[in-house]
file model35.pdb (PDB, C-alpha atoms)
ATOM      1  CA  MET A 233      51.726 143.256 -69.603
ATOM      2  CA  SER A 234      50.362 143.780 -66.128
ATOM      3  CA  ILE A 235      49.312 141.046 -63.778
ATOM      4  CA  SER A 236      45.871 142.580 -63.264
ATOM      5  CA  SER A 237      45.119 142.577 -66.998
ATOM      6  CA  GLN A 238      46.278 138.959 -67.257
ATOM      7  CA  ARG A 239      44.065 138.108 -64.305
ATOM      8  CA  SER A 240      41.034 139.862 -65.797
ATOM      9  CA  LEU A 241      41.575 138.008 -69.085
ATOM     10  CA  GLY A 242      41.746 134.741 -67.155
ATOM     11  CA  ILE A 243      38.547 135.560 -65.286
ATOM     12  CA  GLN A 244      36.776 136.437 -68.538
ATOM     13  CA  LYS A 245      38.056 133.245 -70.204
ATOM     14  CA  ASN A 246      36.855 131.064 -67.319
ATOM     15  CA  LYS A 247      33.444 132.771 -67.408
ATOM     16  CA  LEU A 248      33.141 132.085 -71.137
ATOM     17  CA  LEU A 249      34.185 128.448 -70.677
ATOM     18  CA  ARG A 250      31.495 128.087 -67.988
ATOM     19  CA  TYR A 251      29.008 129.749 -70.370
ATOM     20  CA  LYS A 252      29.977 127.176 -72.999
ATOM     21  CA  LEU A 253      29.241 124.290 -70.600
ATOM     22  CA  ILE A 254      25.849 125.795 -69.762
ATOM     23  CA  LYS A 255      25.019 126.408 -73.424
ATOM     24  CA  ASP A 256      26.016 122.827 -74.320
ATOM     25  CA  LEU A 257      23.774 121.489 -71.547
ATOM     26  CA  TYR A 258      20.927 123.683 -72.801
ATOM     27  CA  GLN A 259      21.346 122.489 -76.393
ATOM     28  CA  LYS A 260      21.479 118.863 -75.237
ATOM     29  CA  HIS A 261      18.015 119.079 -73.660
ATOM     30  CA  LYS A 262      16.271 121.778 -75.693
ATOM     31  CA  THR A 263      13.819 120.541 -78.282
ATOM     32  CA  GLU A 264      11.109 122.311 -80.211
ATOM     33  CA  ASP A 265       8.369 121.220 -77.801
ATOM     34  CA  ILE A 266      10.217 121.972 -74.533
ATOM     35  CA  PRO A 267      10.235 125.615 -73.448
ATOM     36  CA  THR A 268      13.471 127.256 -72.373
ATOM     37  CA  THR A 269      12.150 127.793 -68.851
ATOM     38  CA  VAL A 270      11.542 124.052 -68.434
ATOM     39  CA  VAL A 271      15.055 123.233 -69.658
ATOM     40  CA  TRP A 272      16.416 125.823 -67.211
ATOM     41  CA  ARG A 273      14.372 124.517 -64.274
ATOM     42  CA  LYS A 274      14.905 120.772 -64.835
ATOM     43  CA  TYR A 275      18.427 120.558 -66.211
ATOM     44  CA  ILE A 276      20.437 123.743 -65.832
ATOM     45  CA  TYR A 277      19.454 125.226 -62.466
ATOM     46  CA  PRO A 278      20.224 122.051 -60.439
ATOM     47  CA  VAL A 279      23.774 121.972 -61.860
ATOM     48  CA  TYR A 280      24.432 125.705 -62.374
ATOM     49  CA  PRO A 281      22.282 127.795 -59.998
ATOM     50  CA  ILE A 282      21.796 130.785 -62.304
ATOM     51  CA  SER A 283      18.752 132.923 -62.994
ATOM     52  CA  ARG A 284      16.704 132.718 -66.168
ATOM     53  CA  THR A 285      17.937 136.199 -67.061
ATOM     54  CA  THR A 286      21.523 134.963 -66.855
ATOM     55  CA  LEU A 287      20.620 131.967 -69.016
ATOM     56  CA  TYR A 288      19.201 134.278 -71.687
ATOM     57  CA  GLU A 289      22.375 136.382 -71.483
ATOM     58  CA  ILE A 290      24.477 133.236 -71.960
ATOM     59  CA  LEU A 291      22.404 132.110 -74.947
ATOM     60  CA  CYS A 292      22.945 135.495 -76.622
ATOM     61  CA  THR A 293      26.690 135.612 -75.954
ATOM     62  CA  PRO A 294      28.933 134.806 -78.961
ATOM     63  CA  ILE A 295      31.133 132.518 -76.856
ATOM     64  CA  THR A 296      33.541 131.213 -79.520
ATOM     65  CA  ILE A 297      34.157 134.704 -80.931
ATOM     66  CA  GLU A 298      34.847 136.112 -77.469
ATOM     67  CA  LEU A 299      37.186 133.215 -76.631
ATOM     68  CA  LYS A 300      39.132 133.856 -79.851
ATOM     69  CA  LYS A 301      39.484 137.545 -78.945
ATOM     70  CA  ILE A 302      40.819 136.647 -75.504
ATOM     71  CA  GLU A 303      43.266 134.147 -77.008
ATOM     72  CA  GLU A 304      44.563 136.786 -79.431
ATOM     73  CA  LEU A 305      44.935 139.338 -76.633
ATOM     74  CA  SER A 306      46.817 136.912 -74.400
ATOM     75  CA  GLN A 307      49.153 136.028 -77.286
ATOM     76  CA  LYS A 308      49.856 139.723 -77.913
ATOM     77  CA  MET A 309      50.538 140.258 -74.211
ATOM     78  CA  ALA A 310      52.909 137.283 -74.112
ATOM     79  CA  SER A 311      55.047 138.585 -76.966
TER      80      SER A 311
END
call {"tool": "encode", "arguments": {"input": "model35.pdb", "output": "C-alpha cells"}}
result
Amino acid sequence: MSISSQRSLGIQKNKLLRYKLIKDLYQKHKTEDIPTTVVWRKYIYPVYPISRTTLYEILCTPITIELKKIEELSQKMAS
C-alpha cells in the first residue's frame, strides 16, 4: 500500500463526490421544458465554473458505482 496510490484514490474519490454535488444540483433544476444548457448557465456554472463538456461527462459518469469501487479498493489496501 503506497502513499501515492492512497493519494490518487483520495483524489478520485473527492472528484466523484464533487461530481455528485453537481449532478444533484442539475437534477434539482432540470425539468422537461428546461434545456441542459440553461440549467448549466443559470445554476451550475455560477457555483461550479465548469464547461458544458465537463457537465456532460459528469452526467454520464456512474458516480455511485465508481465510489463503491474506490471504497472496496481502499478497504483491500487497508487490510
call {"tool": "atom_distance", "arguments": {"input": "model35.pdb", "atom1": "CA of Leu253 (chain A)", "atom2": "CA of Ile235 (chain A)"}}
result
27.0 Å
call {"tool": "residues_around", "arguments": {"input": "model35.pdb", "residues": "region 256-271 of chain A", "least_positions_apart": "6", "cutoff": "10 Å", "atoms": "all atoms listed in the file", "output": "ChimeraX atom specification"}}
result
/A:250,277,279,284,287-288,291
call {"tool": "write_last_selection", "arguments": {"input": "model35.pdb", "atoms": "C-alpha atoms", "output": "short mmCIF file (atom, residue, chain, number, x, y, z; two decimals), in the coordinates of the input"}}
result
data_model
loop_
_atom_site.label_atom_id
_atom_site.label_comp_id
_atom_site.auth_asym_id
_atom_site.auth_seq_id
_atom_site.Cartn_x
_atom_site.Cartn_y
_atom_site.Cartn_z
CA ARG A 250 31.50 128.09 -67.99
CA TYR A 277 19.45 125.23 -62.47
CA VAL A 279 23.77 121.97 -61.86
CA ARG A 284 16.70 132.72 -66.17
CA LEU A 287 20.62 131.97 -69.02
CA TYR A 288 19.20 134.28 -71.69
CA LEU A 291 22.40 132.11 -74.95
#
call {"tool": "residues_around", "arguments": {"input": "model35.pdb", "residues": "Ser237 (chain A)", "least_positions_apart": "3", "cutoff": "12 Å", "atoms": "all atoms listed in the file", "output": "ChimeraX atom specification"}}
result
/A:233-234,240-244,302,305-306,309-310
call {"tool": "closest_atom_pairs", "arguments": {"input": "model35.pdb", "of": "region 246-289 of chain A", "to": "region 295-300 of chain A", "cutoff": "9 Å", "atoms": "only C-alpha atoms", "output": "tab-separated table"}}
result
residue	atom	partner	partner_atom	distance
A:Leu248	CA	A:Ile295	CA	6.1
A:Leu249	CA	A:Ile295	CA	8.0
A:Tyr251	CA	A:Ile295	CA	7.4
A:Lys252	CA	A:Ile295	CA	6.7
call {"tool": "atom_distance", "arguments": {"input": "model35.pdb", "atom1": "CA of Lys308 (chain A)", "atom2": "CA of Asn246 (chain A)"}}
result
18.9 Å
call {"tool": "atom_distance", "arguments": {"input": "model35.pdb", "atom1": "CA of Tyr280 (chain A)", "atom2": "CA of Ile254 (chain A)"}}
result
7.5 Å
call {"tool": "axis_aligned_box", "arguments": {"input": "model35.pdb", "around": "region 268-274 of chain A", "padding_each_side": "8 Å", "output": "JSON"}}
result
{"center_x": 14.0, "center_y": 124.3, "center_z": -68.3, "size_x": 20.9, "size_y": 23.0, "size_z": 24.1}
call {"tool": "decode", "arguments": {"input": "model35.pdb", "residues": "region 256-294 of chain A", "atoms": "N, CA and C atoms", "output": "CSV table (one decimal), in the first residue's frame"}}
result
chain,number,residue,atom,x,y,z
A,256,ASP,N,-26.5,16.4,-8.5
A,256,ASP,CA,-27.6,16.7,-7.6
A,256,ASP,C,-28.2,18.1,-7.9
A,257,LEU,N,-27.3,19.0,-8.1
A,257,LEU,CA,-27.8,20.4,-8.4
A,257,LEU,C,-28.5,20.4,-9.8
A,258,TYR,N,-27.9,19.7,-10.7
A,258,TYR,CA,-28.5,19.6,-12.1
A,258,TYR,C,-29.9,19.0,-12.0
A,259,GLN,N,-30.0,17.9,-11.2
A,259,GLN,CA,-31.3,17.2,-11.1
A,259,GLN,C,-32.4,18.0,-10.4
A,260,LYS,N,-31.9,18.9,-9.5
A,260,LYS,CA,-32.8,19.7,-8.7
A,260,LYS,C,-33.5,20.7,-9.7
A,261,HIS,N,-32.8,21.2,-10.7
A,261,HIS,CA,-33.3,22.3,-11.5
A,261,HIS,C,-33.7,21.8,-12.9
A,262,LYS,N,-33.4,20.6,-13.3
A,262,LYS,CA,-33.7,20.2,-14.6
A,262,LYS,C,-35.1,19.7,-14.7
A,263,THR,N,-35.9,20.2,-15.6
A,263,THR,CA,-37.2,19.8,-15.9
A,263,THR,C,-37.3,19.5,-17.4
A,264,GLU,N,-38.4,18.9,-17.8
A,264,GLU,CA,-38.6,18.5,-19.2
A,264,GLU,C,-38.5,19.7,-20.1
A,265,ASP,N,-39.0,20.9,-19.7
A,265,ASP,CA,-39.0,22.1,-20.6
A,265,ASP,C,-37.8,23.0,-20.5
A,266,ILE,N,-36.9,22.7,-19.6
A,266,ILE,CA,-35.6,23.5,-19.5
A,266,ILE,C,-34.5,22.7,-20.1
A,267,PRO,N,-33.8,23.3,-21.1
A,267,PRO,CA,-32.7,22.6,-21.7
A,267,PRO,C,-31.5,22.5,-20.7
A,268,THR,N,-30.7,21.5,-20.9
A,268,THR,CA,-29.5,21.3,-20.1
A,268,THR,C,-28.6,22.5,-20.1
A,269,THR,N,-28.4,23.2,-21.3
A,269,THR,CA,-27.5,24.3,-21.3
A,269,THR,C,-28.0,25.5,-20.4
A,270,VAL,N,-29.3,25.6,-20.3
A,270,VAL,CA,-29.9,26.7,-19.5
A,270,VAL,C,-29.6,26.3,-18.0
A,271,VAL,N,-29.8,25.1,-17.6
A,271,VAL,CA,-29.5,24.7,-16.3
A,271,VAL,C,-28.1,24.9,-16.0
A,272,TRP,N,-27.2,24.6,-16.9
A,272,TRP,CA,-25.8,24.8,-16.7
A,272,TRP,C,-25.5,26.3,-16.5
A,273,ARG,N,-26.0,27.1,-17.4
A,273,ARG,CA,-25.7,28.5,-17.4
A,273,ARG,C,-26.2,29.2,-16.1
A,274,LYS,N,-27.5,28.9,-15.7
A,274,LYS,CA,-28.1,29.6,-14.7
A,274,LYS,C,-27.8,29.1,-13.3
A,275,TYR,N,-27.6,27.8,-13.2
A,275,TYR,CA,-27.5,27.2,-11.8
A,275,TYR,C,-26.1,26.6,-11.5
A,276,ILE,N,-25.5,25.9,-12.5
A,276,ILE,CA,-24.3,25.2,-12.2
A,276,ILE,C,-23.1,26.0,-12.4
A,277,TYR,N,-23.0,26.7,-13.5
A,277,TYR,CA,-21.7,27.5,-13.8
A,277,TYR,C,-21.4,28.5,-12.7
A,278,PRO,N,-22.4,29.3,-12.2
A,278,PRO,CA,-22.1,30.2,-11.1
A,278,PRO,C,-21.5,29.6,-9.8
A,279,VAL,N,-21.9,28.4,-9.5
A,279,VAL,CA,-21.4,27.7,-8.3
A,279,VAL,C,-20.1,26.9,-8.6
A,280,TYR,N,-20.2,26.1,-9.7
A,280,TYR,CA,-19.1,25.3,-10.2
A,280,TYR,C,-18.7,25.7,-11.6
A,281,PRO,N,-17.6,26.5,-11.7
A,281,PRO,CA,-17.3,27.0,-13.0
A,281,PRO,C,-16.7,25.9,-13.9
A,282,ILE,N,-17.5,25.1,-14.5
A,282,ILE,CA,-17.1,24.0,-15.4
A,282,ILE,C,-17.7,24.2,-16.8
A,283,SER,N,-17.1,23.6,-17.8
A,283,SER,CA,-17.6,23.7,-19.1
A,283,SER,C,-18.8,22.8,-19.3
A,284,ARG,N,-19.5,23.1,-20.4
A,284,ARG,CA,-20.7,22.2,-20.7
A,284,ARG,C,-20.2,20.8,-21.0
A,285,THR,N,-19.0,20.7,-21.7
A,285,THR,CA,-18.5,19.4,-22.0
A,285,THR,C,-18.2,18.6,-20.7
A,286,THR,N,-17.7,19.3,-19.7
A,286,THR,CA,-17.5,18.6,-18.4
A,286,THR,C,-18.8,18.2,-17.7
A,287,LEU,N,-19.8,19.1,-17.9
A,287,LEU,CA,-21.1,18.7,-17.3
A,287,LEU,C,-21.6,17.5,-18.0
A,288,TYR,N,-21.5,17.3,-19.3
A,288,TYR,CA,-22.0,16.1,-20.0
A,288,TYR,C,-21.2,14.9,-19.5
A,289,GLU,N,-19.9,15.1,-19.3
A,289,GLU,CA,-19.1,14.0,-18.8
A,289,GLU,C,-19.6,13.6,-17.4
A,290,ILE,N,-19.9,14.5,-16.5
A,290,ILE,CA,-20.4,14.2,-15.2
A,290,ILE,C,-21.7,13.5,-15.3
A,291,LEU,N,-22.6,13.9,-16.1
A,291,LEU,CA,-23.9,13.3,-16.2
A,291,LEU,C,-23.8,11.9,-16.7
A,292,CYS,N,-22.8,11.5,-17.5
A,292,CYS,CA,-22.6,10.2,-18.0
A,292,CYS,C,-21.8,9.3,-17.1
A,293,THR,N,-21.2,9.8,-16.0
A,293,THR,CA,-20.4,9.1,-15.1
A,293,THR,C,-21.2,8.3,-14.1
A,294,PRO,N,-21.0,7.0,-14.0
A,294,PRO,CA,-21.7,6.2,-13.0
A,294,PRO,C,-21.1,6.4,-11.6
